[in-house]
>>> print(open('my_file39.txt').read())   # compact mmCIF, C-alpha atoms
# COMPACT_ATOMS: atom_id res chain seq x y z
CA MET Z 1 40.74 114.76 95.64
CA ARG Z 2 38.51 112.24 97.34
CA ASN Z 3 41.59 110.25 98.51
CA ILE Z 4 43.16 113.39 99.94
CA LYS Z 5 39.93 114.32 101.73
CA LYS Z 6 39.71 110.81 103.14
CA MET Z 7 43.28 111.14 104.45
CA THR Z 8 42.32 114.35 106.24
CA ASN Z 9 39.51 112.58 108.05
CA GLY Z 10 39.86 110.08 110.95
CA ALA Z 11 42.73 107.56 110.71
CA GLY Z 12 43.91 109.06 107.42
CA LYS Z 13 44.39 112.38 109.13
CA ARG Z 14 46.61 110.72 111.72
CA ILE Z 15 48.77 109.10 108.99
CA TYR Z 16 49.03 112.48 107.27
CA TYR Z 17 50.39 114.16 110.39
CA LYS Z 18 52.67 111.17 111.05
CA VAL Z 19 54.19 111.38 107.57
CA ALA Z 20 54.67 115.13 107.89
CA ALA Z 21 56.39 114.73 111.23
CA ILE Z 22 58.72 112.01 109.91
CA LEU Z 23 59.63 114.08 106.84
CA THR Z 24 60.42 117.10 109.01
CA ALA Z 25 62.50 115.04 111.42
CA ALA Z 26 64.34 113.28 108.58
CA ALA Z 27 65.19 116.57 106.92
CA LEU Z 28 66.55 117.94 110.19
CA PHE Z 29 68.48 114.71 110.73
CA CYS Z 30 70.15 115.00 107.31
CA VAL Z 31 71.12 118.63 107.95
CA GLN Z 32 72.60 117.76 111.35
CA GLY Z 33 74.53 114.86 109.81
CA GLN Z 34 76.03 117.13 107.15
CA ALA Z 35 77.04 119.78 109.67
CA SER Z 36 78.80 117.21 111.86
CA GLU Z 37 81.27 116.41 109.06
CA ILE Z 38 83.19 119.60 109.82
CA GLU Z 39 83.49 118.95 113.54
CA ALA Z 40 84.40 115.24 113.59
CA PRO Z 41 88.12 114.38 113.86
CA GLU Z 42 89.65 112.49 110.95
CA SER Z 43 91.38 109.81 112.97
CA VAL Z 44 92.34 108.65 116.42
CA LEU Z 45 95.71 107.38 117.57
CA VAL Z 46 95.45 104.36 119.81
CA PRO Z 47 98.13 104.41 122.57
CA ALA Z 48 101.22 102.52 121.42
CA LEU Z 49 102.44 99.35 123.07
CA SER Z 50 106.13 98.75 123.70
CA ASP Z 51 108.44 96.47 125.58
CA GLY Z 52 109.32 99.26 127.99
CA THR Z 53 112.83 99.95 126.69
CA GLU Z 54 113.38 103.65 126.17
CA GLU Z 55 116.20 103.60 123.64
CA MET Z 56 118.68 101.31 121.96
CA ALA Z 57 121.98 100.92 123.76
CA GLY Z 58 125.15 102.01 121.97
CA GLN Z 59 127.04 99.53 119.84
CA GLU Z 60 130.07 98.08 121.60
CA ASP Z 61 133.49 98.32 119.99
CA LEU Z 62 134.63 94.89 118.82
CA GLN Z 63 138.09 96.09 117.79
CA LEU Z 64 137.96 94.70 114.27
CA TYR Z 65 140.85 94.67 111.81
CA ALA Z 66 138.65 95.32 108.76
CA GLN Z 67 138.23 98.88 107.54
CA ALA Z 68 134.56 98.08 106.85
CA ALA Z 69 132.52 95.25 108.34
CA VAL Z 70 128.89 94.18 108.76
CA LEU Z 71 127.08 91.49 110.71
CA MET Z 72 123.62 91.00 109.18
CA ASP Z 73 120.47 89.06 109.98
CA ALA Z 74 120.09 87.22 106.69
CA ASP Z 75 116.34 86.81 107.13
CA SER Z 76 115.43 90.49 107.55
CA GLY Z 77 118.50 92.18 106.07
CA ARG Z 78 118.96 94.14 109.28
CA VAL Z 79 122.51 95.24 110.11
CA LEU Z 80 123.19 93.98 113.63
CA TYR Z 81 126.72 95.38 113.82
CA GLY Z 82 128.48 97.73 111.48
CA LYS Z 83 131.84 99.40 111.09
CA ASN Z 84 131.78 101.86 108.19
CA PRO Z 85 128.97 99.76 106.68
CA GLU Z 86 128.31 102.20 103.80
CA LYS Z 87 131.93 102.89 102.84
CA LYS Z 88 132.57 102.00 99.20
CA LEU Z 89 135.61 99.76 98.79
CA PRO Z 90 136.92 97.20 96.26
CA MET Z 91 135.87 93.64 97.13
CA ALA Z 92 138.25 91.41 95.16
CA SER Z 93 137.08 87.81 94.62
CA THR Z 94 134.09 88.09 96.97
CA THR Z 95 132.61 89.35 93.68
CA LYS Z 96 132.37 85.73 92.60
CA ILE Z 97 129.36 84.98 94.80
CA MET Z 98 127.33 87.20 92.44
CA THR Z 99 128.91 85.57 89.38
CA CYS Z 100 128.03 82.15 90.73
CA ILE Z 101 124.42 82.88 91.71
CA LEU Z 102 123.69 84.53 88.36
CA ALA Z 103 125.16 81.56 86.46
CA LEU Z 104 123.01 79.21 88.53
CA GLU Z 105 119.85 81.25 87.94
CA TYR Z 106 120.31 82.06 84.26
CA GLY Z 107 122.41 79.16 83.03
CA SER Z 108 122.16 75.38 83.01
CA PRO Z 109 124.70 72.95 84.48
CA GLU Z 110 124.94 71.28 81.08
CA ASP Z 111 125.65 74.51 79.20
CA ILE Z 112 128.96 74.43 77.36
CA ALA Z 113 131.36 77.35 77.67
CA GLU Z 114 133.91 77.81 74.93
CA VAL Z 115 137.04 79.56 76.17
CA SER Z 116 137.81 82.89 74.49
CA SER Z 117 141.26 84.40 74.12
CA TYR Z 118 140.23 87.05 76.65
CA ALA Z 119 139.22 84.46 79.25
CA ALA Z 120 142.47 82.56 78.72
CA SER Z 121 144.47 85.77 79.22
CA MET Z 122 143.33 86.37 82.80
CA PRO Z 123 146.07 86.65 85.42
CA LYS Z 124 146.49 84.05 88.12
CA VAL Z 125 144.93 82.71 90.27
CA LYS Z 126 143.71 80.73 87.24
CA LEU Z 127 142.77 77.29 85.93
CA TYR Z 128 144.95 77.80 82.84
CA ILE Z 129 142.17 76.98 80.42
CA LYS Z 130 143.07 77.52 76.77
CA GLN Z 131 141.37 79.33 73.92
CA GLY Z 132 138.97 77.10 72.05
CA GLU Z 133 138.59 74.53 74.83
CA LYS Z 134 135.09 73.68 75.99
CA TYR Z 135 133.86 73.12 79.54
CA TYR Z 136 130.55 72.37 81.21
CA LEU Z 137 129.25 75.32 83.16
CA ARG Z 138 128.78 73.24 86.32
CA ASP Z 139 132.50 72.37 86.38
CA LEU Z 140 133.63 75.95 85.91
CA LEU Z 141 131.48 76.99 88.89
CA TYR Z 142 133.46 74.69 91.19
CA SER Z 143 136.67 76.12 89.75
CA LEU Z 144 135.25 79.60 90.35
CA MET Z 145 134.18 79.13 93.96
CA LEU Z 146 136.64 76.59 95.36
CA GLU Z 147 139.90 77.80 93.83
CA SER Z 148 138.75 81.32 92.84
CA HIS Z 149 140.07 80.98 89.29
CA ASN Z 150 139.88 84.28 87.38
CA ASP Z 151 139.86 82.72 83.91
CA SER Z 152 136.93 80.47 84.83
CA ALA Z 153 134.99 83.53 85.99
CA VAL Z 154 135.33 85.18 82.58
CA ALA Z 155 134.42 81.97 80.76
CA VAL Z 156 131.28 81.69 82.92
CA ALA Z 157 130.35 85.32 82.28
CA GLU Z 158 130.74 85.00 78.53
CA ALA Z 159 128.74 81.76 78.45
CA VAL Z 160 125.84 83.15 80.48
CA GLY Z 161 125.79 86.81 79.44
CA GLY Z 162 127.30 86.71 75.96
CA SER Z 163 130.15 89.02 76.98
CA VAL Z 164 131.78 90.33 80.13
CA GLU Z 165 130.12 93.72 79.61
CA LYS Z 166 126.64 92.22 79.26
CA PHE Z 167 127.20 89.96 82.25
CA ALA Z 168 128.38 92.92 84.33
CA ALA Z 169 125.11 94.67 83.43
CA MET Z 170 123.25 91.59 84.69
CA MET Z 171 125.27 91.72 87.91
CA ASN Z 172 124.44 95.37 88.49
CA GLN Z 173 120.76 94.82 87.77
CA LYS Z 174 120.66 91.92 90.21
CA ALA Z 175 122.34 94.06 92.85
CA ARG Z 176 119.63 96.70 92.43
CA ASP Z 177 116.90 94.07 92.48
CA ILE Z 178 117.95 92.89 95.93
CA GLY Z 179 118.41 96.41 97.29
CA CYS Z 180 122.15 96.98 96.83
CA PHE Z 181 122.49 100.49 95.42
CA ASP Z 182 126.09 101.20 96.47
CA THR Z 183 127.59 98.34 94.48
CA TYR Z 184 129.09 98.58 91.01
CA PHE Z 185 130.38 95.52 89.13
CA ILE Z 186 132.77 95.77 86.19
CA THR Z 187 134.38 92.33 86.20
CA PRO Z 188 133.02 88.85 87.04
CA ASN Z 189 136.16 87.89 88.97
CA GLY Z 190 136.75 90.93 91.19
CA LEU Z 191 140.03 92.12 89.71
CA ASP Z 192 140.47 95.82 90.33
CA ALA Z 193 138.86 97.81 87.52
CA LYS Z 194 137.76 101.33 86.67
CA VAL Z 195 135.59 102.82 83.93
CA ASN Z 196 137.63 105.70 82.53
CA ASP Z 197 134.66 107.57 81.06
CA THR Z 198 132.70 107.72 84.32
CA GLY Z 199 135.37 107.20 86.93
CA LYS Z 200 133.35 104.38 88.50
CA VAL Z 201 135.36 101.61 90.13
CA HIS Z 202 134.57 97.98 90.84
CA SER Z 203 133.36 98.32 94.43
CA THR Z 204 130.73 97.61 97.05
CA THR Z 205 129.99 98.28 100.71
CA ALA Z 206 130.08 95.85 103.60
CA ALA Z 207 126.30 96.26 103.98
CA ASP Z 208 125.66 95.47 100.30
CA LEU Z 209 128.05 92.52 100.25
CA ALA Z 210 126.42 90.98 103.32
CA LYS Z 211 123.03 91.44 101.65
CA ILE Z 212 124.20 89.73 98.46
CA MET Z 213 125.42 86.74 100.49
CA ALA Z 214 122.11 86.69 102.37
CA TYR Z 215 120.31 86.50 99.03
CA CYS Z 216 122.54 83.65 97.87
CA VAL Z 217 121.92 81.47 100.95
CA THR Z 218 118.30 82.32 101.85
CA ASP Z 219 116.31 83.87 98.99
CA SER Z 220 117.68 82.73 95.65
CA PRO Z 221 115.76 79.90 93.95
CA GLU Z 222 119.19 78.31 93.46
CA LYS Z 223 120.33 78.64 97.07
CA GLU Z 224 120.67 74.87 97.55
CA ARG Z 225 122.98 74.49 94.56
CA PHE Z 226 124.96 77.53 95.69
CA LEU Z 227 125.46 75.95 99.12
CA GLU Z 228 126.33 72.59 97.59
CA ILE Z 229 129.10 74.15 95.49
CA THR Z 230 130.56 76.43 98.14
CA ARG Z 231 130.60 73.67 100.79
CA THR Z 232 132.29 71.05 98.61
CA GLN Z 233 135.81 70.28 99.84
CA GLY Z 234 137.21 68.78 96.63
CA TYR Z 235 136.04 68.40 93.04
CA ASP Z 236 137.39 66.64 89.95
CA PHE Z 237 136.42 67.27 86.32
CA THR Z 238 137.65 67.32 82.73
CA ASP Z 239 137.07 69.45 79.70
CA VAL Z 240 134.15 68.39 77.45
CA ASP Z 241 136.45 66.33 75.22
CA GLY Z 242 138.04 64.59 78.20
CA LYS Z 243 141.55 65.60 77.17
CA ARG Z 244 142.47 67.53 80.34
CA SER Z 245 141.77 66.65 83.98
CA PHE Z 246 141.53 69.03 86.92
CA HIS Z 247 141.18 68.90 90.70
CA CYS Z 248 139.94 71.77 92.86
CA ASN Z 249 140.30 72.20 96.63
CA ASN Z 250 138.12 74.51 98.70
CA HIS Z 251 140.23 77.40 100.04
CA ASN Z 252 137.55 78.68 102.41
CA ALA Z 253 139.34 77.70 105.63
CA PHE Z 254 136.51 79.11 107.75
CA LEU Z 255 134.37 76.06 106.95
CA GLY Z 256 136.61 74.12 109.34
CA MET Z 257 136.90 76.81 112.01
CA MET Z 258 133.33 76.89 113.33
CA GLN Z 259 130.73 74.13 113.21
CA GLU Z 260 128.11 76.79 112.41
CA ALA Z 261 129.93 77.84 109.21
CA LEU Z 262 127.54 77.67 106.26
CA SER Z 263 129.24 79.25 103.26
CA GLY Z 264 131.79 81.88 102.31
CA LYS Z 265 134.21 83.35 99.79
CA THR Z 266 137.66 84.82 100.22
CA GLY Z 267 139.22 87.60 98.16
CA PHE Z 268 142.46 89.54 97.74
CA THR Z 269 143.97 92.14 95.45
CA ASN Z 270 146.71 94.66 96.17
CA ASN Z 271 144.10 97.42 96.15
CA ALA Z 272 141.34 95.63 98.08
CA GLY Z 273 143.45 93.85 100.67
CA TYR Z 274 142.09 90.69 102.25
CA CYS Z 275 138.30 90.42 102.02
CA TYR Z 276 135.79 87.85 103.13
CA VAL Z 277 132.05 87.29 103.01
CA GLY Z 278 130.53 84.38 104.87
CA ALA Z 279 127.41 82.94 106.45
CA VAL Z 280 126.81 81.01 109.67
CA GLU Z 281 123.72 79.09 110.79
CA SER Z 282 122.77 78.37 114.38
CA GLU Z 283 119.43 77.38 115.97
CA GLY Z 284 117.42 78.49 112.97
CA ARG Z 285 119.28 81.80 112.69
CA ILE Z 286 121.40 82.71 109.67
CA PHE Z 287 123.92 85.53 109.94
CA THR Z 288 126.02 86.91 107.12
CA VAL Z 289 129.31 88.74 107.62
CA ALA Z 290 131.17 90.97 105.16
CA LEU Z 291 134.75 92.15 105.72
CA LEU Z 292 136.51 94.62 103.40
CA ALA Z 293 140.13 95.76 103.55
CA CYS Z 294 140.86 93.33 106.39
CA GLY Z 295 144.64 93.62 106.35
CA TRP Z 296 147.37 93.16 103.75
CA PRO Z 297 150.28 90.68 103.61
CA ASN Z 298 151.43 89.37 106.02
CA ASN Z 299 148.06 89.58 107.82
CA ARG Z 300 146.12 86.83 106.07
CA SER Z 301 144.59 85.59 109.34
CA TYR Z 302 142.98 88.91 110.29
CA LYS Z 303 139.81 88.05 108.36
CA TRP Z 304 139.34 84.82 110.30
CA SER Z 305 139.67 86.65 113.60
CA ASP Z 306 137.08 89.25 112.57
CA MET Z 307 134.76 86.62 111.13
CA LYS Z 308 134.75 84.51 114.29
CA LYS Z 309 134.34 87.59 116.46
CA LEU Z 310 131.30 88.86 114.54
CA ALA Z 311 129.69 85.43 114.19
CA THR Z 312 130.06 84.78 117.91
CA TYR Z 313 128.71 88.26 118.70
CA GLY Z 314 125.56 87.53 116.70
CA MET Z 315 124.96 84.04 118.04
CA GLU Z 316 125.43 85.09 121.69
CA ARG Z 317 123.33 88.26 121.62
CA TYR Z 318 120.49 87.69 119.17
CA GLN Z 319 117.52 85.35 119.51
CA TYR Z 320 114.17 85.14 117.72
CA ARG Z 321 111.26 86.74 119.56
CA ASP Z 322 107.65 86.86 118.44
CA ILE Z 323 106.65 90.54 118.41
CA TYR Z 324 103.14 89.97 117.04
CA GLU Z 325 100.34 91.47 119.15
CA GLU Z 326 96.65 90.81 118.55
CA GLN Z 327 94.73 94.06 118.01
CA THR Z 328 91.02 94.74 118.57
CA PHE Z 329 89.13 97.88 117.62
CA SER Z 330 85.85 99.52 118.61
CA ASP Z 331 83.16 99.78 115.95
CA ILE Z 332 83.59 102.92 113.82
CA PRO Z 333 80.55 105.21 113.35
CA VAL Z 334 79.55 105.83 109.73
CA ARG Z 335 77.96 109.21 108.96
CA ASN Z 336 74.87 109.06 106.75
CA GLY Z 337 75.11 105.28 106.69
CA ILE Z 338 72.30 102.74 106.72
CA ALA Z 339 72.36 100.69 109.91
CA GLY Z 340 71.90 97.15 108.61
CA GLU Z 341 69.23 95.74 106.32
CA ARG Z 342 66.33 97.04 108.46
CA GLY Z 343 67.91 100.22 109.72
CA THR Z 344 65.91 103.42 110.26
CA PRO Z 345 66.88 107.02 109.47
CA PHE Z 346 67.37 107.60 113.20
CA GLU Z 347 69.76 104.70 113.85
CA GLU Z 348 73.52 105.34 113.83
CA ALA Z 349 75.39 103.07 111.44
CA ALA Z 350 78.73 101.54 112.44
CA VAL Z 351 81.23 99.11 111.01
CA SER Z 352 83.65 96.72 112.70
CA ALA Z 353 87.34 96.75 111.76
CA THR Z 354 89.90 93.95 111.70
CA MET Z 355 93.67 93.78 111.19
CA GLN Z 356 94.60 92.05 107.94
CA ALA Z 357 97.39 89.78 109.14
CA GLY Z 358 97.90 86.58 107.20
CA GLU Z 359 99.96 85.15 110.02
CA LYS Z 360 99.52 85.17 113.78
CA SER Z 361 103.20 85.47 114.55
CA LEU Z 362 105.97 87.90 113.63
CA PRO Z 363 109.34 86.46 114.68
CA TYR Z 364 112.22 88.90 114.68
CA LEU Z 365 115.86 88.53 115.64
CA LEU Z 366 116.39 90.75 118.67
CA CYS Z 367 118.85 91.41 121.46
CA GLU Z 368 118.09 92.62 125.00
CA THR Z 369 118.56 96.30 124.15
CA ASP Z 370 116.25 96.36 121.11
CA HIS Z 371 113.15 98.52 121.48
CA VAL Z 372 109.93 97.28 119.87
CA GLU Z 373 106.90 99.56 119.54
CA VAL Z 374 103.48 98.83 118.03
CA LYS Z 375 101.39 101.78 116.85
CA SER Z 376 97.75 101.46 115.81
CA ARG Z 377 95.84 104.11 113.88
CA VAL Z 378 92.16 103.81 112.99
CA GLU Z 379 89.64 106.33 111.71
CA SER Z 380 87.30 107.69 114.40
CA VAL Z 381 84.44 108.22 111.94
CA LEU Z 382 83.76 107.25 108.33
CA ASP Z 383 81.54 108.69 105.62
CA ALA Z 384 79.12 106.43 103.81
CA PRO Z 385 79.34 104.53 101.57
CA VAL Z 386 81.93 102.15 103.03
CA ALA Z 387 83.04 99.09 101.06
CA ALA Z 388 83.80 95.75 102.70
CA GLY Z 389 87.60 95.44 102.91
CA GLU Z 390 88.16 99.19 102.64
CA GLU Z 391 91.29 100.28 104.52
CA VAL Z 392 90.37 102.32 107.60
CA GLY Z 393 93.67 102.31 109.49
CA SER Z 394 96.92 100.46 110.09
CA VAL Z 395 99.02 98.68 112.69
CA SER Z 396 102.74 99.41 112.41
CA TYR Z 397 105.65 97.67 114.11
CA TYR Z 398 108.78 99.71 114.82
CA LEU Z 399 112.17 98.39 115.85
CA ASN Z 400 114.42 101.00 117.38
CA GLY Z 401 112.31 103.68 115.68
CA GLU Z 402 112.38 102.12 112.20
CA LEU Z 403 109.30 100.64 110.54
CA VAL Z 404 109.71 96.88 110.03
CA LYS Z 405 106.13 95.72 109.38
CA ARG Z 406 102.76 97.30 108.56
CA TYR Z 407 99.34 95.63 108.54
CA ALA Z 408 96.23 97.25 107.08
CA VAL Z 409 93.09 97.60 109.20
CA CYS Z 410 89.98 97.12 107.05
CA ALA Z 411 86.21 97.41 107.34
CA ALA Z 412 84.65 94.00 107.92
CA THR Z 413 81.34 94.77 106.16
CA ALA Z 414 79.88 97.27 103.70
CA VAL Z 415 77.66 100.21 104.72
CA GLU Z 416 75.43 101.88 102.15
CA GLU Z 417 74.79 105.61 102.04
CA ARG Z 418 71.58 107.00 103.55
CA SER Z 419 70.37 109.27 100.75
CA PHE Z 420 67.29 111.46 100.78
CA LEU Z 421 65.70 109.08 98.27
CA TRP Z 422 66.28 106.15 100.66
CA ILE Z 423 64.67 108.15 103.49
CA LEU Z 424 61.70 108.97 101.30
CA GLU Z 425 61.23 105.33 100.34
CA TYR Z 426 61.48 104.36 104.00
CA ILE Z 427 58.79 106.88 104.97
CA LEU Z 428 56.45 105.78 102.21
CA LYS Z 429 56.82 102.16 103.30
CA LEU Z 430 56.18 103.17 106.89
CA ALA Z 431 53.13 105.24 105.98
CA PHE Z 432 51.42 102.85 103.62
CA PHE Z 433 52.55 99.35 104.54
CA LEU Z 434 52.75 99.35 108.33
>>> encode(input="my_file39.txt", output="structure tokens")
Amino acid sequence: MRNIKKMTNGAGKRIYYKVAAILTAAALFCVQGQASEIEAPESVLVPALSDGTEEMAGQEDLQLYAQAAVLMDADSGRVLYGKNPEKKLPMASTTKIMTCILALEYGSPEDIAEVSSYAASMPKVKLYIKQGEKYYLRDLLYSLMLESHNDSAVAVAEAVGGSVEKFAAMMNQKARDIGCFDTYFITPNGLDAKVNDTGKVHSTTAADLAKIMAYCVTDSPEKERFLEITRTQGYDFTDVDGKRSFHCNNHNAFLGMMQEALSGKTGFTNNAGYCYVGAVESEGRIFTVALLACGWPNNRSYKWSDMKKLATYGMERYQYRDIYEEQTFSDIPVRNGIAGERGTPFEEAAVSATMQAGEKSLPYLLCETDHVEVKSRVESVLDAPVAAGEEVGSVSYYLNGELVKRYAVCAATAVEERSFLWILEYILKLAFFL
């Protein structure tokens, strides 16, 4: 009682009124802060930046022979030119690029494949391996890719997968893993096949086939060995026992048609027609091309015409351009937040925001008619507490209206919540320690 009386006299009386005034103001401040939560907008859209192009120009007609064709940027997987790109068609021996890459990834060059009666029974084109013979996996891969031997394909599949059926399951899983959902493998060699129970046929699309080749030459951990095999002009080997000798020549004539040719695989069946999947490299750019149903006998050369036309189209029109744009943002107010270590109940808290980009460049293969747009979205106000690194917005890059890259925008620092207890502690410190 004496302490209270002392506080009501002289200087103590002034502190008493000061505390009362601060408590009243703080209470009103908290009420106003809570009411403002209803009125504040959730976010603000920062005006987008673009290169000024209004829309993408129409695709020109290249007059291709193939029923389905795709020119793809191997780096991004973007289809740069397409003719019936999603049409499902048989793909003949272009299948073997998947057989080869799986054998490289899941097998060892020194693995020994023993020839089964089923493998030996494959129709030509074949190596004419015999049941019971043994071969090193590395040698069969050259037979597979240079001469396109159907019996070697089955021997590889059985050695790596245990059976053709199990290997086909591996092929289909790999296709899904790399984003090819319109492809269905039944055989490791590409011979026409159908599953009677389901009606599914051995088939792919030009878009999927180009993506599989892009994986083989750019993304696979075994891409260098894949390129080494498919670029070899001639190869000699024997069976494990050294009783039979073989020589293989590379039948991918496109390797000698353009200096930019990187890899490729031919294919033909009566049902599929002539098919081809290839890759070209020029000035740091890698393009893949897939051609399905590109003529029937006597039109063997149609695929080379289409391949050169699409490769030239890509190299002449598309160049890398850095589309990265540095973004800055205003500090974002934080409702009921503590403004720094020595903040007061009457100070407005705010937090800075930064774009979380690991790189300072974003190269993309573009042509003159491509339209790039950058859209930034950040919250206009946040509610405390806010954690350091908390996502508060995003920066999105669009190419011709499709999202190609998104960066998170995050709070640079943490902001604690201004609770009534914190206000009370602040007032008591102000009243008794200042």
>>> closest_residue(input="my_file39.txt", among="Z:Pro85, Z:Gly273, Z:Pro333, Z:Gly132", to="Ser116 of chain Z", atoms="only C-alpha atoms")
Z:Gly132
>>> atom_distance(input="my_file39.txt", atom1="atom CA of Ala168 of chain Z", atom2="atom CA of Asn189 of chain Z")
10.4 Å
>>> residues_around(input="my_file39.txt", residues="His202 of chain Z", least_positions_apart="3", cutoff="8 Å", atoms="all atoms listed in the file", output="CSV table (one decimal) with C-alpha atoms, in the coordinates of the input")
chain,number,residue,atom,x,y,z
Z,90,PRO,CA,136.9,97.2,96.3
Z,91,MET,CA,135.9,93.6,97.1
Z,183,THR,CA,127.6,98.3,94.5
Z,184,TYR,CA,129.1,98.6,91.0
Z,185,PHE,CA,130.4,95.5,89.1
Z,186,ILE,CA,132.8,95.8,86.2
Z,187,THR,CA,134.4,92.3,86.2
Z,190,GLY,CA,136.8,90.9,91.2
Z,192,ASP,CA,140.5,95.8,90.3
Z,193,ALA,CA,138.9,97.8,87.5
Z,194,LYS,CA,137.8,101.3,86.7
>>> residues_around(input="my_file39.txt", residues="Ala293 of chain Z", least_positions_apart="3", cutoff="7 Å", atoms="all atoms listed in the file", output="list of chain:residue names")
Z:Ala66, Z:Gln67, Z:Ala68, Z:Ala272, Z:Gly273, Z:Tyr274, Z:Cys275
>>> closest_residue(input="my_file39.txt", among="Z:Ala214, Z:Val160, Z:Cys248, Z:Leu71", to="Ser148 of chain Z", atoms="all atoms listed in the file")
Z:Cys248
>>> residues_near_point(input="my_file39.txt", point="(124.1, 76.3, 95.5)", cutoff="9 Å", atoms="only C-alpha atoms", output="PyMOL selection string")
chain Z and resi 100-101+104+216-217+222-231
>>> closest_residue(input="my_file39.txt", among="Z:Gln173, Z:Thr288, Z:Gln319, Z:Ser305", to="Met72 of chain Z", atoms="only C-alpha atoms")
Z:Thr288
>>> atom_distance(input="my_file39.txt", atom1="atom CA of Leu62 of chain Z", atom2="atom CA of Glu281 of chain Z")
20.8 Å
>>> residues_near_point(input="my_file39.txt", point="(128.8, 90.5, 88.9)", cutoff="12 Å", atoms="only C-alpha atoms", output="ChimeraX atom specification")
/Z:91-103,153-154,156-158,160-161,164-176,183-191,202-204,209,212
>>> atom_distance(input="my_file39.txt", atom1="atom CA of Thr218 of chain Z", atom2="atom CA of Arg78 of chain Z")
14.0 Å
>>> residues_around(input="my_file39.txt", residues="Lys134 of chain Z", least_positions_apart="2", cutoff="6 Å", atoms="all atoms listed in the file", output="list in words")
Ala113, Glu114, Asp239 and Val240 of chain Z
>>> write_last_selection(input="my_file39.txt", atoms="C-alpha atoms", output="short mmCIF file (atom, residue, chain, number, x, y, z; two decimals), keeping the file's coordinate frame")
data_model
loop_
_atom_site.label_atom_id
_atom_site.label_comp_id
_atom_site.auth_asym_id
_atom_site.auth_seq_id
_atom_site.Cartn_x
_atom_site.Cartn_y
_atom_site.Cartn_z
CA ALA Z 113 131.36 77.35 77.67
CA GLU Z 114 133.91 77.81 74.93
CA ASP Z 239 137.07 69.45 79.70
CA VAL Z 240 134.15 68.39 77.45
#
>>> closest_residue(input="my_file39.txt", among="Z:Glu425, Z:Glu133, Z:Glu368, Z:Asp182", to="Ile112 of chain Z", atoms="all atoms listed in the file")
Z:Glu133
>>> closest_residue(input="my_file39.txt", among="Z:Ser330, Z:Met213, Z:Thr232, Z:Lys375", to="Gly77 of chain Z", atoms="only C-alpha atoms")
Z:Met213
>>> closest_residue(input="my_file39.txt", among="Z:Leu365, Z:Ala210, Z:Leu403, Z:Ala339", to="Gly284 of chain Z", atoms="only C-alpha atoms")
Z:Leu365
>>> residues_around(input="my_file39.txt", residues="Gln233 of chain Z", least_positions_apart="4", cutoff="8 Å", atoms="all atoms listed in the file", output="list of chain:residue names")
Z:Leu146, Z:Asn249, Z:Asn250
>>> residues_around(input="my_file39.txt", residues="Ser396 of chain Z", least_positions_apart="3", cutoff="8 Å", atoms="only C-alpha atoms", output="PyMOL selection string")
chain Z and resi 374-376+403-407
>>> decode(input="my_file39.txt", residues="segment 120-150 of chain Z", atoms="C-alpha atoms", output="CSV table (one decimal), in the first residue's frame")
chain,number,residue,atom,x,y,z
Z,120,ALA,CA,18.8,-67.9,-81.9
Z,121,SER,CA,15.4,-68.2,-83.6
Z,122,MET,CA,15.0,-64.5,-84.4
Z,123,PRO,CA,14.4,-63.5,-88.0
Z,124,LYS,CA,17.0,-61.6,-90.0
Z,125,VAL,CA,18.6,-59.1,-89.8
Z,126,LYS,CA,20.7,-61.3,-87.5
Z,127,LEU,CA,24.2,-62.2,-86.3
Z,128,TYR,CA,23.3,-65.9,-86.6
Z,129,ILE,CA,24.4,-66.7,-83.1
Z,130,LYS,CA,23.7,-70.3,-82.0
Z,131,GLN,CA,22.0,-71.7,-78.9
Z,132,GLY,CA,24.5,-72.3,-76.1
Z,133,GLU,CA,27.2,-70.0,-77.4
Z,134,LYS,CA,28.5,-67.3,-75.1
Z,135,TYR,CA,29.3,-63.7,-75.9
Z,136,TYR,CA,30.5,-60.6,-73.9
Z,137,LEU,CA,27.7,-58.0,-73.5
Z,138,ARG,CA,29.9,-55.3,-74.9
Z,139,ASP,CA,30.3,-57.1,-78.2
Z,140,LEU,CA,26.6,-57.8,-78.6
Z,141,LEU,CA,25.9,-54.1,-78.2
Z,142,TYR,CA,28.0,-53.3,-81.2
Z,143,SER,CA,26.2,-56.0,-83.1
Z,144,LEU,CA,22.9,-54.5,-81.9
Z,145,MET,CA,23.6,-50.9,-82.8
Z,146,LEU,CA,25.8,-51.1,-85.9
Z,147,GLU,CA,24.2,-53.9,-87.8
Z,148,SER,CA,20.8,-53.9,-86.0
Z,149,HIS,CA,20.9,-57.7,-85.3
Z,150,ASN,CA,17.6,-59.0,-83.9
